[in-house]
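Undergrad: Below is a structure I'd like to ask you about.
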Amino acid sequence: MSKSKGSISKGVDPVMIWLYLLLVAVGLTAIFAVTYKEGDPVIASFFSFKTDYSKQFYFFGIAGVMAIFILLTDSKFFTATANLWYAVGIGLLLLVFPFHSSVKGTESIIRFGGFQFQPAEFCKVCVCLALAKYLSLPNMDFSRTRSQLIAGAIAVVPAVMTIAQSETGLALVYFSFFMVMYREGLPATILVVGFSVAALVIATLLVEKNTLAIVLTALAALLIYAMRRQVRRDKGLLIKVVFLWAICVGIQRFAVPTLFKHVFHGYQVERIFSTIGKDVPEEYINPKDRASESATGKKKDVDYNVKQSKIAIGSGGVLGKGLLQGTQTRYDFVPEQRTDFIFCTIGEGFGFIGTSVLLLIYLLLLFRIIFIAERQRSVFSRCYAYGVAAVIFFHITINVGMTVGLAPVIGIPLPFISYGGTALITFTILLFILIRLDADRQMVLR
Amino acid sequence: MSVFNGSRSYIIRIIFLAIFLVLLLQLLNLQVFSSKYRADAIDNAVFRKVVYPPRGIIFDRNNKAILNNTLMYDLMVTPSALKGVDTSYMCQLLGIDTAEFNKRVIEAVVRNGRFRSSAFEELLSPEKYARLEENMWRFNAGFYLQQRPVRLYPFNAAAHIMGYVGEADSGIIARSDGFYRPGDYVGRSGLEAYYERTLMGQRGVQFVIKDNKNRLQGSFENGLLDTAAVAGRGLRTYIDIEIQQLAEKLMRNKVGSIVVLEPKTGGIIAMVSAPDYNPNDLTGYNKKKNYSKLVLDVAAPLLNRAIKGRYPAGSTYKPLGALIALDEGVITPRSGIGCSGVYYGCNRPVRCTEKWAGHAANLRLAIAHSCNSFFSNTYRLTVDNPRLGGVKKGYAKWQEYVNAFGLGNRLGVDLPSEDPGNIPDTNVYNKDYRGSWNSCTNVTLGIGQDKMLVTPVQMANAMCIVANKGYFYAPHFVKSIDNESADDTVLNKFRRKHEVLTHIPDTVYEVVHSGMQDVVDVGTARAAAIPGIKICAKTGTAENFRIIDKRRVQLKDNSLFACFAPRENPRIAIAVVVENAGYGATWAAPIASLLMEKYLTDSIRAERLPEIERIAAANLMPSYLPRLQYIADSTRARFYFDLTKDSNYIRKFIRRGGSAPAPKPDSSAPRPRLVYNRFPDAVEPERTIALKKKGAA
């Protein structure tokens with residue numbers, strides 16, 4: 001017994017375990033605070049599997065069992081089966097298309113028995129493993145464009161499939177894997193270009209289109225003027241600048257409206273615009289959505305969620321109202337507060353102290369993961385660790401960002417805290433594979 | 001490769017840190033530096049629930065509760081919980097159809113939303129309540145019964161005095177400076193209105209938490225901020241409910257008023273305005289229906305004639321005229337006049353009811369026999385008093401006296417909207433007669449006619465002044481407030497003695513008292529005598545004009561009676577007005593006499609009991625009322641017809657002769673022409689009517 005116990009805990013990073021348990025405990029408390037009804041017997045209902053906090057408690061039990069299994073598994077197993085996992089993940093995602101059952105507008109959930117399972121959620125683990133596997137191939141030269149494209153495809157393929165299942169939020173998570181690639185040598189220019197395009201898109205949304213076109217033209221003219229000597233020497237430069245200008249204006253005038261009009265759903269466009277505090281301009285509204293809107297005859301209050309969420313967090317003040325005292329969260333003013341808006345409960349109940357401590361715990365976790373990543377001998381482990389950090393970071397940023405009104409409302413859970421079995425189990429598996437890999441860091445893996 | 005990109009690890013960490021810092025700053029902004037979110041959260045979740053305390057109870061002088069509280073029930077519905085409820089059974093219990101049921105549910109949803117309950121049927125009748133109460137378990141989810149405090153009048157009496165409560169209208173809310181809110185119940189008339197702040201008590205406030213669907217969830221901050229409601233305080237009044245009931249009985253089927261005062265205190269023992277109504281009609285489940293019926297009645301049952309009715313004082317003014325003249329020294333108790341039935345002192349003869357020689361040989365006889373000649377002359381002597389110089393100064397002096405008797409000004413009764421009556425000043429006559437008038441112009445003021453108009457309460461109060469030999473207390477109902485404190489200043493003005501005419505010597509009063517006693521002993525009101533009690537009284541028979549069909553019509557005289565008793569140490573003063581009833585001695589005097597007997601001896605002699613029934617059974621309703629009602633109803637019908645173009649409103653008025661009452665035979669006024677234009681540009685309507693009539697004939 002003692003030997004096997006020793007073998008489980010050997011090399012396991014205790015800080016990670018403690019942070020994990022702390023976060024799960026915070027999550028259970030928050031869910032309890034939202035769904036506890038006055039007068040219920042606390043202990044009894046914790047085991048009843050009838051209330052949400054009880055269910056989450058059982059999910060945590062399942063996750064714990066899985067964690068122990070992972071810790072008992074040989075770490076070579078993960079490197080060896082990484083590609084298999086990916087295949088399984090993609091297979092599950094494919095299974096969704098014929099077998100999904102519609103729940104709240106998403107088509108990404110498979111139901112069997114009384115349980116719901118969301119492959120898009122679970123597939124993050126698979127992508128993380130597969131990407132780590134690919135990047136750690138012995139003859140990998142990541143400076144080659146081909147490798148970069150393959151690595152990109154590993155992350156983007158499930159993302160595209162997830163978008164096809166109307167889960168744009170979850171799909172965005174897969175783009176966080178570019179952080180791993182960046183760590184492994186993806187040229188910074190790609191990220192710079194990526195950021196520039198993102199900045200341009202945001203500017204398109206914020207600034208009136210003709211003004212922005214004039215600004216862009218002026219910038220191009222200034223650039224040509226500044227480089228007039230070089231331009232005189234090399235006419236090709238002029239063509240490049242003009243080409244760049246054309247692309248920018250093209251994005252601004254045609255690409256973005258087309259994207260918003262035909263790719264995104266009406267509600268997503270509304271959410272994005274409500275985040276930047278503007279009404280949706282005419283040219284971004286899909287005619288179909290407009291038809292349905294005028295048919296129902298009412299305009300939905302798109303930023304109701306965010307407004308209520310901000311009120312909940314803001315009304316917490318510095319010290320918070322105390323557990324079970326938050327009126328916003330206790331009395332259902334914030335929608336989805338067990339799941340996506342769980343952060344409100346903490347903000348309202350425990351105030352700025354509570355939220356900042358929670359963010360600190362997350363930051364500690366992320367820094368610990370990076371620290372662990374950097375101490376790995378194996379590239380696989382390091383890549384995997386960065387993948388975990390990137391996924392968790394992305395979830396936190398978007399989730400907290402949307403509750404405080406800085407990010408558009410994208411339905412993704414807060415890691416370890418939001419209610420939901422799949423999410424908790426996925427994050428647990430994600431984290432404990434890392435812990436397992438880290439426990440064997442002395443071994444030279446792939 | 002990690003060697004090459006090691007620095008990127010730090011860049012990633014910096015990105016993490018930077019993003020977290022942004023989130024933290026936003027949290028700092030929301031949670032520490034913005035204060036509005038806390039208020040927003042309270043706005044969202046905290047509901048300020050006003051708790052209404054029970055209103056105060058009103059007691060009569062023998063501590064019988066004449067206005068009490070009771071509980072009635074509202075049937076409440078929660079629309080969202082109606083699924084699976086046996087609605088057809090509910091319809092059956094309430095006696096409504098499914099369409100009506102659905103309409104009410106939709107109304108409830110519109111009013112309060114699907115998740116909150118609203119009234120499905122208010123103030124259930126006892127039968128419906130009994131039926132529902134038994135079956136409530138069937139509707140557990142969707143319906144429930146809610147208690148509601150309602151005013152109850154155990155004696156079915158004193159409607160005008162007590163008044164009624166109703167929802168505060170926009171005017172009351174605006175005037176109250178935010179004290180009342182829409183939906184609050186306030187006293188709308190009578191004592192309920194006058195003593196509103198005392199009767200209402202102190203409203204409590206409960207802060208209650210509600211959820212996103214406005215369902216109440218419990219108290220906020222454990223009720224720390226709540227204030228408790230304080231019950232309204234009771235009022236102890238001078239009313240004797242038995243006298244009140246008797247007075248109301250005697251005024252049945254009559255138009256008029258009775259005011260019974262206690263001279264020593266100004267307390268009002270009874271006050272009747274006829275026609276009246278059962279006050280319980282305005283509280284129960286039929287209150288809206290009853291109220292509109294009362295409002296539309298041209299006999300104005302809601303009007304309190306005791307304080308708002310303006311009547312010529314008639315002969316009941318004469319004792320006051322005598323006192324004024326005696327005090328001014330223009331006559332003496334021995335002054336007399338030879339009257340042969342008409343006063344010829346002015347161009348216009350003033351008729352007198354008595355013709356026999358010597359009925360006005362002195363003041364005492366003149367009062368006892370109500371000699372018009374004597375008092376016309378007395379009035380002229382008073383205003384033409386050479387000491388004052390000129391009729392206008394004399395009139396001003398006279399007016400000062402009359403005002404001192406409480407006529408022409410509001411007395412300050414503790415009921416809202418008292419009428420001041422009318423005692424014109426010289427300006428009015430100057431204007432009417434372009435400055436040239438004399439004592440003959442308004443000589444009938446001496447017999448309480450001309451422009452003199454008084455309210456019954458003023459008449460009774462004048463009797464109090466005469467009885468008290470010069471002082472009075474403002475007539476009022478409320479003797480004391482339960483748990484009265486120094487802050488209750490509302491009663492102070494009723495405890496102040498008004499010594500308006502105490503400068504007139506008691507001997508002068510005694511002379512007039514003797515005359516008034518003779519009225520009952522040997523004069524016009526012998527019917528009012530009660531053995532063993534010295535009653536001082538004055539009958540009155542006032543001419544009564546009314547404009548009907550745009551013509552000034554003289555109607556049957558108003559029967560008046562004013563009295564006090566006993567002569568020494570008076571305990572009761574009464575004024576009775578019965579409109580359209582003839583001589584004062586015929587109806588008003590026996591009514592007052594019965595009330596006095598009941599009050600002073602605590603019972604009525606057996607031989608007089610049939611008289612109560614005789615008077616109560618007498619129908620003296622003016623004959624013009626049906627005619628007025630017809631005009632009012634048809635005019636209103638026409639108004640609504642014009643609004644809605646729905647001929648149902650006027651159909652019954654076009655088919656005349658059927659339901660409409662026949663006009664008075666002696667009235668030569670043209671019949672009202674109803675211009676009926678249902679289809680403009682179509683058949684000329686009047687011809688259609690004419691044709692129909694011809695066909696019928």
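Please note that chains go A, B, ... in the order of the structure tokens, that every chain numbers its residues from 1, and that ligands are numbered from 1 in the order shown.
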Arg614 of chain B: which residues within 12 Å, counting only C-alpha atoms, same-chain residues fewer than 3 positions away excluded, as a PDB file with C-alpha atoms, in the first residue's frame?

TA:
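What landed in out-v9.pdb:
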ATOM      1  CA  LYS B 249     -85.817  56.849  10.204  1.00  0.00           C
ATOM      2  CA  LEU B 250     -87.905  59.972  10.542  1.00  0.00           C
ATOM      3  CA  MET B 251     -86.312  61.472   7.428  1.00  0.00           C
ATOM      4  CA  ARG B 252     -87.010  58.454   5.294  1.00  0.00           C
ATOM      5  CA  ASN B 253     -88.426  59.369   1.893  1.00  0.00           C
ATOM      6  CA  TRP B 587     -93.479  67.873   9.772  1.00  0.00           C
ATOM      7  CA  PRO B 590     -92.942  66.678  15.456  1.00  0.00           C
ATOM      8  CA  ILE B 591     -89.677  65.262  14.158  1.00  0.00           C
ATOM      9  CA  ARG B 608     -96.193  58.680  20.367  1.00  0.00           C
ATOM     10  CA  LEU B 609     -94.707  55.533  18.875  1.00  0.00           C
ATOM     11  CA  PRO B 610     -97.311  55.401  16.068  1.00  0.00           C
ATOM     12  CA  GLU B 611     -96.309  58.935  15.188  1.00  0.00           C
ATOM     13  CA  ALA B 617     -93.894  56.226   6.282  1.00  0.00           C
ATOM     14  CA  ALA B 618     -94.735  59.640   4.872  1.00  0.00           C
ATOM     15  CA  ASN B 619     -93.314  60.146   1.435  1.00  0.00           C
TER      16      ASN B 619
END

Undergrad: Kindly determine which residues of chain A lie within 7 Å of chain B, considering only C-alpha atoms, and give the answer as a PyMOL selection string.

TA: chain A and resi 183-185+311-318+327-328+331-333+351-352+356+401+404

Undergrad: So that I have them on file, write out the residues from the current selection with N, CA and C atoms, as a PDB file, in the first residue's frame.

TA:
ATOM      1  N   ARG A 183       5.747  29.776 -28.555  1.00  0.00           N
ATOM      2  CA  ARG A 183       6.822  29.389 -27.657  1.00  0.00           C
ATOM      3  C   ARG A 183       7.835  28.509 -28.376  1.00  0.00           C
ATOM      4  N   GLU A 184       7.317  27.682 -29.315  1.00  0.00           N
ATOM      5  CA  GLU A 184       8.204  26.749 -29.991  1.00  0.00           C
ATOM      6  C   GLU A 184       8.826  27.349 -31.243  1.00  0.00           C
ATOM      7  N   GLY A 185       8.667  28.639 -31.436  1.00  0.00           N
ATOM      8  CA  GLY A 185       9.412  29.276 -32.507  1.00  0.00           C
ATOM      9  C   GLY A 185       8.605  29.764 -33.691  1.00  0.00           C
ATOM     10  N   ILE A 311     -23.586  44.688 -12.522  1.00  0.00           N
ATOM     11  CA  ILE A 311     -24.242  45.133 -11.280  1.00  0.00           C
ATOM     12  C   ILE A 311     -23.881  44.180 -10.149  1.00  0.00           C
ATOM     13  N   ALA A 312     -23.930  42.873 -10.450  1.00  0.00           N
ATOM     14  CA  ALA A 312     -23.620  41.888  -9.403  1.00  0.00           C
ATOM     15  C   ALA A 312     -22.202  42.089  -8.895  1.00  0.00           C
ATOM     16  N   ILE A 313     -21.247  42.174  -9.817  1.00  0.00           N
ATOM     17  CA  ILE A 313     -19.853  42.303  -9.390  1.00  0.00           C
ATOM     18  C   ILE A 313     -19.643  43.654  -8.709  1.00  0.00           C
ATOM     19  N   GLY A 314     -20.180  44.704  -9.335  1.00  0.00           N
ATOM     20  CA  GLY A 314     -19.976  46.037  -8.796  1.00  0.00           C
ATOM     21  C   GLY A 314     -20.606  46.212  -7.430  1.00  0.00           C
ATOM     22  N   SER A 315     -21.776  45.593  -7.220  1.00  0.00           N
ATOM     23  CA  SER A 315     -22.446  45.782  -5.933  1.00  0.00           C
ATOM     24  C   SER A 315     -21.749  45.030  -4.811  1.00  0.00           C
ATOM     25  N   GLY A 316     -20.819  44.147  -5.177  1.00  0.00           N
ATOM     26  CA  GLY A 316     -20.060  43.444  -4.131  1.00  0.00           C
ATOM     27  C   GLY A 316     -19.156  44.374  -3.347  1.00  0.00           C
ATOM     28  N   GLY A 317     -18.725  45.454  -3.995  1.00  0.00           N
ATOM     29  CA  GLY A 317     -17.861  46.396  -3.304  1.00  0.00           C
ATOM     30  C   GLY A 317     -16.510  45.784  -2.967  1.00  0.00           C
ATOM     31  N   VAL A 318     -15.869  46.314  -1.971  1.00  0.00           N
ATOM     32  CA  VAL A 318     -14.522  45.847  -1.618  1.00  0.00           C
ATOM     33  C   VAL A 318     -14.595  44.519  -0.888  1.00  0.00           C
ATOM     34  N   THR A 327     -27.855  39.522  -3.585  1.00  0.00           N
ATOM     35  CA  THR A 327     -29.221  39.506  -4.108  1.00  0.00           C
ATOM     36  C   THR A 327     -29.237  39.250  -5.606  1.00  0.00           C
ATOM     37  N   GLN A 328     -28.221  39.762  -6.308  1.00  0.00           N
ATOM     38  CA  GLN A 328     -28.202  39.611  -7.761  1.00  0.00           C
ATOM     39  C   GLN A 328     -28.124  38.145  -8.158  1.00  0.00           C
ATOM     40  N   TYR A 331     -31.119  35.684  -6.500  1.00  0.00           N
ATOM     41  CA  TYR A 331     -32.477  35.782  -7.010  1.00  0.00           C
ATOM     42  C   TYR A 331     -32.516  35.855  -8.532  1.00  0.00           C
ATOM     43  N   ASP A 332     -31.530  35.224  -9.143  1.00  0.00           N
ATOM     44  CA  ASP A 332     -31.579  34.928 -10.579  1.00  0.00           C
ATOM     45  C   ASP A 332     -31.568  36.135 -11.494  1.00  0.00           C
ATOM     46  N   PHE A 333     -31.023  37.255 -11.029  1.00  0.00           N
ATOM     47  CA  PHE A 333     -30.980  38.389 -11.948  1.00  0.00           C
ATOM     48  C   PHE A 333     -29.935  38.173 -13.031  1.00  0.00           C
ATOM     49  N   GLY A 351     -16.637  40.329  -2.999  1.00  0.00           N
ATOM     50  CA  GLY A 351     -16.117  41.650  -3.301  1.00  0.00           C
ATOM     51  C   GLY A 351     -14.793  41.642  -4.034  1.00  0.00           C
ATOM     52  N   PHE A 352     -14.157  42.796  -4.009  1.00  0.00           N
ATOM     53  CA  PHE A 352     -12.897  42.959  -4.719  1.00  0.00           C
ATOM     54  C   PHE A 352     -11.832  42.048  -4.111  1.00  0.00           C
ATOM     55  N   SER A 356      -9.974  39.494  -6.564  1.00  0.00           N
ATOM     56  CA  SER A 356      -8.539  39.637  -6.793  1.00  0.00           C
ATOM     57  C   SER A 356      -7.786  38.420  -6.262  1.00  0.00           C
ATOM     58  N   GLY A 401     -13.390  38.409 -18.571  1.00  0.00           N
ATOM     59  CA  GLY A 401     -13.559  39.592 -19.423  1.00  0.00           C
ATOM     60  C   GLY A 401     -15.013  39.844 -19.749  1.00  0.00           C
ATOM     61  N   VAL A 404     -17.068  41.167 -16.690  1.00  0.00           N
ATOM     62  CA  VAL A 404     -16.831  42.558 -16.304  1.00  0.00           C
ATOM     63  C   VAL A 404     -17.037  43.502 -17.473  1.00  0.00           C
TER      64      VAL A 404
END

Undergrad: Any idea what's packed within 9 Å of Leu600 of chain B, counting only C-alpha atoms, ignoring anything in its chain fewer than 5 positions away? Could you give it as a PDB file with N, CA and C atoms, in the first residue's frame?

TA:
ATOM      1  N   ILE B 533     -91.175  69.208  30.127  1.00  0.00           N
ATOM      2  CA  ILE B 533     -89.941  69.800  29.616  1.00  0.00           C
ATOM      3  C   ILE B 533     -90.272  71.142  28.996  1.00  0.00           C
ATOM      4  N   ALA B 565     -83.788  72.699  24.273  1.00  0.00           N
ATOM      5  CA  ALA B 565     -84.512  72.277  25.476  1.00  0.00           C
ATOM      6  C   ALA B 565     -83.531  71.630  26.442  1.00  0.00           C
ATOM      7  N   PRO B 566     -83.766  71.592  27.710  1.00  0.00           N
ATOM      8  CA  PRO B 566     -84.791  72.392  28.378  1.00  0.00           C
ATOM      9  C   PRO B 566     -84.387  73.865  28.411  1.00  0.00           C
ATOM     10  N   ARG B 571     -79.808  71.182  27.073  1.00  0.00           N
ATOM     11  CA  ARG B 571     -78.981  70.014  26.761  1.00  0.00           C
ATOM     12  C   ARG B 571     -79.021  69.629  25.284  1.00  0.00           C
ATOM     13  N   ILE B 572     -79.970  70.195  24.588  1.00  0.00           N
ATOM     14  CA  ILE B 572     -80.094  69.790  23.185  1.00  0.00           C
ATOM     15  C   ILE B 572     -80.603  70.956  22.354  1.00  0.00           C
ATOM     16  N   LEU B 595     -87.245  63.614  18.649  1.00  0.00           N
ATOM     17  CA  LEU B 595     -85.814  63.489  18.943  1.00  0.00           C
ATOM     18  C   LEU B 595     -85.495  64.012  20.339  1.00  0.00           C
TER      19      LEU B 595
END

Undergrad: Would you please work out which residue, of B:Arg551, B:Arg495, B:Lys288, B:His476, is nearest to Glu262 of chain B when using only C-alpha atoms?

TA: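 The shortest atom-to-atom distance to Glu262 of chain B comes from B:His476.
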
Undergrad: From a DSSP pass on the backbone, collect the residues of segment 103-244 of chain B flagged as strand (DSSP E) and hand them back as a PyMOL selection string.

TA: chain B and resi 118-121+143-152+165-167+185-187+204-210+216-219+235-237

Undergrad: Suppose we keep N, CA and C atoms; can you now write the selection as a short mmCIF file (atom, residue, chain, number, x, y, z; two decimals), in the first residue's frame?

TA:
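Listing of out_23.cif after writing:
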data_model
loop_
_atom_site.label_atom_id
_atom_site.label_comp_id
_atom_site.auth_asym_id
_atom_site.auth_seq_id
_atom_site.Cartn_x
_atom_site.Cartn_y
_atom_site.Cartn_z
N SER B 118 -52.36 38.84 -8.89
CA SER B 118 -53.18 40.04 -8.86
C SER B 118 -54.62 39.63 -8.59
N ALA B 119 -55.44 40.62 -8.29
CA ALA B 119 -56.81 40.31 -7.89
C ALA B 119 -57.60 39.80 -9.09
N PHE B 120 -58.26 38.69 -8.90
CA PHE B 120 -59.12 38.13 -9.94
C PHE B 120 -60.53 38.65 -9.72
N GLU B 121 -60.95 38.64 -8.47
CA GLU B 121 -62.23 39.25 -8.12
C GLU B 121 -62.05 39.87 -6.75
N PHE B 143 -54.83 29.91 -7.63
CA PHE B 143 -55.69 30.88 -6.95
C PHE B 143 -55.49 30.82 -5.44
N TYR B 144 -55.67 31.92 -4.81
CA TYR B 144 -55.77 31.89 -3.35
C TYR B 144 -56.62 33.07 -2.89
N LEU B 145 -57.06 32.99 -1.65
CA LEU B 145 -57.90 34.05 -1.09
C LEU B 145 -57.04 34.94 -0.22
N GLN B 146 -57.19 36.22 -0.41
CA GLN B 146 -56.39 37.14 0.39
C GLN B 146 -57.29 38.04 1.22
N GLN B 147 -56.94 38.13 2.50
CA GLN B 147 -57.72 38.97 3.39
C GLN B 147 -57.51 40.42 3.03
N ARG B 148 -58.52 41.21 3.31
CA ARG B 148 -58.39 42.63 3.05
C ARG B 148 -59.26 43.35 4.06
N PRO B 149 -58.68 44.28 4.79
CA PRO B 149 -59.49 44.98 5.79
C PRO B 149 -60.46 45.93 5.09
N VAL B 150 -61.67 45.94 5.59
CA VAL B 150 -62.73 46.74 4.97
C VAL B 150 -63.47 47.44 6.10
N ARG B 151 -63.96 48.64 5.82
CA ARG B 151 -64.72 49.38 6.83
C ARG B 151 -66.11 48.78 6.97
N LEU B 152 -66.56 48.74 8.21
CA LEU B 152 -67.88 48.16 8.48
C LEU B 152 -68.67 49.14 9.34
N VAL B 165 -63.99 55.55 2.55
CA VAL B 165 -62.61 55.56 2.08
C VAL B 165 -62.59 55.09 0.63
N GLY B 166 -61.65 55.61 -0.09
CA GLY B 166 -61.49 55.20 -1.48
C GLY B 166 -60.04 55.38 -1.87
N GLU B 167 -59.72 54.91 -3.05
CA GLU B 167 -58.34 55.07 -3.50
C GLU B 167 -58.03 56.54 -3.72
N TYR B 185 -55.39 53.90 0.16
CA TYR B 185 -56.77 54.23 0.50
C TYR B 185 -56.78 55.43 1.43
N VAL B 186 -57.61 56.39 1.13
CA VAL B 186 -57.72 57.56 2.01
C VAL B 186 -59.18 57.82 2.26
N GLY B 187 -59.45 58.55 3.34
CA GLY B 187 -60.82 58.97 3.61
C GLY B 187 -61.22 59.97 2.54
N GLY B 204 -46.42 51.32 7.93
CA GLY B 204 -45.11 50.70 8.12
C GLY B 204 -44.48 50.43 6.77
N VAL B 205 -43.19 50.23 6.77
CA VAL B 205 -42.51 49.88 5.53
C VAL B 205 -41.72 48.61 5.77
N GLN B 206 -41.90 47.66 4.88
CA GLN B 206 -41.09 46.45 4.93
C GLN B 206 -40.24 46.43 3.68
N PHE B 207 -38.96 46.21 3.86
CA PHE B 207 -38.11 46.03 2.69
C PHE B 207 -38.02 44.54 2.41
N VAL B 208 -38.49 44.18 1.24
CA VAL B 208 -38.59 42.76 0.92
C VAL B 208 -37.73 42.50 -0.32
N ILE B 209 -37.12 41.33 -0.32
CA ILE B 209 -36.31 40.97 -1.48
C ILE B 209 -37.20 40.28 -2.50
N LYS B 210 -37.03 40.68 -3.76
CA LYS B 210 -37.77 39.99 -4.81
C LYS B 210 -36.76 39.39 -5.79
N LEU B 216 -41.74 37.68 -4.31
CA LEU B 216 -41.14 38.07 -3.03
C LEU B 216 -40.41 36.88 -2.41
N GLN B 217 -39.26 37.18 -1.82
CA GLN B 217 -38.38 36.10 -1.36
C GLN B 217 -38.03 36.20 0.11
N GLY B 218 -38.54 37.18 0.81
CA GLY B 218 -38.19 37.27 2.22
C GLY B 218 -37.71 38.67 2.53
N SER B 219 -37.37 38.89 3.79
CA SER B 219 -37.07 40.25 4.20
C SER B 219 -35.62 40.61 3.87
N LEU B 235 -61.73 57.40 17.47
CA LEU B 235 -62.31 58.71 17.75
C LEU B 235 -63.52 58.51 18.66
N ARG B 236 -63.59 59.28 19.74
CA ARG B 236 -64.77 59.24 20.62
C ARG B 236 -65.62 60.44 20.25
N THR B 237 -66.84 60.19 19.86
CA THR B 237 -67.66 61.29 19.36
C THR B 237 -68.83 61.58 20.28
#

Undergrad: Closest to Pro386 of chain B among B:Trp437, B:Pro424, B:Val330, B:Gly336, using only C-alpha atoms?

TA: B:Val330

Undergrad: As a JSON list (two decimals) with C-alpha atoms, in the first residue's frame, please: every residue in segment 275-373 of chain A that a backbone DSSP assignment puts in helix (DSSP H, G or I).

TA:
[["chain", "number", "residue", "atom", "x", "y", "z"],
["A", 275, "THR", "CA", -19.14, 44.89, -25.72],
["A", 282, "GLU", "CA", -27.01, 48.59, -40.74],
["A", 283, "GLU", "CA", -24.41, 47.07, -43.04],
["A", 284, "TYR", "CA", -23.54, 44.39, -40.48],
["A", 287, "PRO", "CA", -31.12, 40.46, -43.87],
["A", 288, "LYS", "CA", -32.35, 37.12, -42.52],
["A", 289, "ASP", "CA", -31.87, 38.23, -38.92],
["A", 290, "ARG", "CA", -33.57, 41.49, -39.59],
["A", 291, "ALA", "CA", -36.53, 39.63, -41.03],
["A", 292, "SER", "CA", -36.80, 37.40, -37.99],
["A", 293, "GLU", "CA", -36.40, 40.34, -35.67],
["A", 294, "SER", "CA", -39.18, 42.30, -37.30],
["A", 295, "ALA", "CA", -41.28, 39.13, -37.34],
["A", 296, "THR", "CA", -41.02, 38.67, -33.58],
["A", 304, "TYR", "CA", -28.93, 42.39, -20.24],
["A", 305, "ASN", "CA", -26.56, 39.63, -19.13],
["A", 306, "VAL", "CA", -23.55, 41.89, -19.02],
["A", 307, "LYS", "CA", -25.46, 44.69, -17.34],
["A", 308, "GLN", "CA", -26.72, 42.39, -14.59],
["A", 309, "SER", "CA", -23.35, 40.75, -14.29],
["A", 310, "LYS", "CA", -21.64, 44.11, -13.86],
["A", 311, "ILE", "CA", -24.24, 45.13, -11.28],
["A", 312, "ALA", "CA", -23.62, 41.89, -9.40],
["A", 313, "ILE", "CA", -19.85, 42.30, -9.39],
["A", 314, "GLY", "CA", -19.98, 46.04, -8.80],
["A", 315, "SER", "CA", -22.45, 45.78, -5.93],
["A", 327, "THR", "CA", -29.22, 39.51, -4.11],
["A", 328, "GLN", "CA", -28.20, 39.61, -7.76],
["A", 329, "THR", "CA", -27.04, 36.03, -7.85],
["A", 330, "ARG", "CA", -29.38, 34.56, -5.24],
["A", 342, "ILE", "CA", -20.15, 32.09, -11.97],
["A", 343, "PHE", "CA", -17.55, 34.80, -11.52],
["A", 344, "CYS", "CA", -20.39, 37.18, -10.58],
["A", 345, "THR", "CA", -21.26, 35.10, -7.57],
["A", 346, "ILE", "CA", -17.73, 35.44, -6.28],
["A", 347, "GLY", "CA", -17.64, 39.13, -7.14],
["A", 348, "GLU", "CA", -20.92, 39.81, -5.37],
["A", 349, "GLY", "CA", -20.38, 37.59, -2.39],
["A", 350, "PHE", "CA", -16.75, 38.29, -1.69],
["A", 351, "GLY", "CA", -16.12, 41.65, -3.30],
["A", 352, "PHE", "CA", -12.90, 42.96, -4.72],
["A", 353, "ILE", "CA", -10.93, 40.99, -2.15],
["A", 354, "GLY", "CA", -12.54, 37.79, -3.37],
["A", 355, "THR", "CA", -12.12, 38.47, -7.08],
["A", 356, "SER", "CA", -8.54, 39.64, -6.79],
["A", 357, "VAL", "CA", -7.61, 36.64, -4.64],
["A", 358, "LEU", "CA", -9.24, 34.35, -7.19],
["A", 359, "LEU", "CA", -7.35, 36.01, -10.04],
["A", 360, "LEU", "CA", -4.18, 35.68, -7.99],
["A", 361, "ILE", "CA", -4.79, 31.96, -7.53],
["A", 362, "TYR", "CA", -5.25, 31.61, -11.27],
["A", 363, "LEU", "CA", -2.13, 33.63, -11.95],
["A", 364, "LEU", "CA", -0.21, 31.43, -9.52],
["A", 365, "LEU", "CA", -1.51, 28.36, -11.31],
["A", 366, "LEU", "CA", -0.53, 29.73, -14.73],
["A", 367, "PHE", "CA", 2.92, 30.78, -13.56],
["A", 368, "ARG", "CA", 3.37, 27.43, -11.88],
["A", 369, "ILE", "CA", 2.48, 25.69, -15.15],
["A", 370, "ILE", "CA", 4.96, 27.86, -17.07],
["A", 371, "PHE", "CA", 7.55, 27.16, -14.39],
["A", 372, "ILE", "CA", 6.87, 23.45, -14.72],
["A", 373, "ALA", "CA", 6.99, 23.71, -18.48]]
